[in-house]
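Student: Can you read through this structure? Questions will come right after.
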Amino acid sequence: MAETTFTNEQFRQIYPDGIEYHYWNHARNAIILRFLTDYGLKDEQILEIGGGRGVVIKYLHEKGISCEGVELAPIEPLKGTEEYFFTGTNAFEMPENSRRQFTVILLLDVIEHIEYPTDFFNEIINSFPNARHFVVTVPARQELWTNYDEFNGHFRRYALEDLKALSSEKISFAGGSYFNHVLYPVFLLYARLMRQRDIVIKAPKGLMIAVHRVLSSILQLDYLLLPRNWRGTSCIGLFSCEDLTEYEGPVRVGYGWRI
């Protein structure tokens, strides 16, 4: 199964100290929590595979979610996550009794690094026998491809239809949407005219943290209010090994929600 693993340089560029305060990460954390809540998954036993330095797991843990995370690369995790986020750890080599406890798997900006994600899903299903649900985020829309994707070893960016097409006999797409819609025209401008993006992500400091909180709030409202099929820079989706036809989560109608 062809896949890419981040180098130390990539981790330094993308996950500097304080990156959890960056507007993109802060908004994504909140969107993931809302997604878990909307689909009735926040009380499950959750494992994140490929969690970087533990940005998402730290956020979820602080919100009272029962969760752990693993990262294959032997990097330094965020401070305070040492008891529930483990780096230098292969998820498939965890003790069997540990693997059996998890019912929800988070793959957050992971499968774009894998050439054959369906095989990866199958490997997880075989190794985590009680995992029934998979929450996936991916960078969206191939037309937004730039040097940033190449630097990070992406095989592709996903349309929402591409996520749905990953359904198989063992796992099926149960719902999802684009998010970060308001960033789409900005990213498209970079892709079409400049074809270059800064590959160094800087963590905000001081007063800039407050600015990033405002930007995060805009992206969270973007997720709540704009239609799910409008193009965005990211996708979030739920895959399930169970029949979810009786509950498909909240449905956006126009600019609002129907529960």
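To be explicit about the labels: the chains of the structure tokens are called A, B, and onward in the order shown, and within each one the residues are counted from 1, while ligands get numbers from 1 in the order they are shown.
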Quick one: residues within 9 Å of Tyr223 of chain A, only C-alpha atoms counted, chain neighbours fewer than 2 positions away excluded, as a PyMOL selection string?
Tutor: chain A and resi 31+177-181+218-221+225-228
Student: Do you know which residues are at most 8 Å from segment 169-173 of chain A counting only C-alpha atoms, after dropping those on the same chain fewer than 4 positions away, and could you put them as a ChimeraX atom specification?
Tutor: /A:122,163-164,237-242
Student: Please list as a JSON list (two decimals) with C-alpha atoms, in the first residue's frame every residue within 7 Å of Ile49 of chain A, counting only C-alpha atoms and excluding residues in the same chain fewer than 4 positions away.
Tutor:
```
[["chain", "number", "residue", "atom", "x", "y", "z"],
["A", 69, "GLY", "CA", -4.44, 9.25, 19.28],
["A", 70, "VAL", "CA", -1.39, 7.74, 17.63],
["A", 71, "GLU", "CA", 1.19, 9.08, 15.20],
["A", 91, "ALA", "CA", -1.76, 1.78, 15.17],
["A", 106, "LEU", "CA", -10.59, 9.51, 13.06],
["A", 107, "LEU", "CA", -8.58, 9.87, 9.85]]
```
Student: Would you mind telling me which residue in A:Trp24, A:Phe134, A:Trp230, A:Phe35 lies nearest to Val55 of chain A when using only C-alpha atoms?
Tutor: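 Among A:Trp24, A:Phe134, A:Trp230, A:Phe35, it is A:Trp24 that comes nearest to Val55 of chain A.
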Student: In Å, rounded to a single decimal, give me how far atom CA of Leu144 of chain A is from atom CA of Ala73 of chain A.
Tutor: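 We find that atom CA of Ala73 of chain A and atom CA of Leu144 of chain A lie 27.3 Å from each other.
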Student: Using only C-alpha atoms, which of A:Arg192, A:His22, A:Lys63, A:Lys58 sits nearest Val214 of chain A?
Tutor: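 Looking only at the distances to Val214 of chain A, the closest residue turns out to be A:His22.
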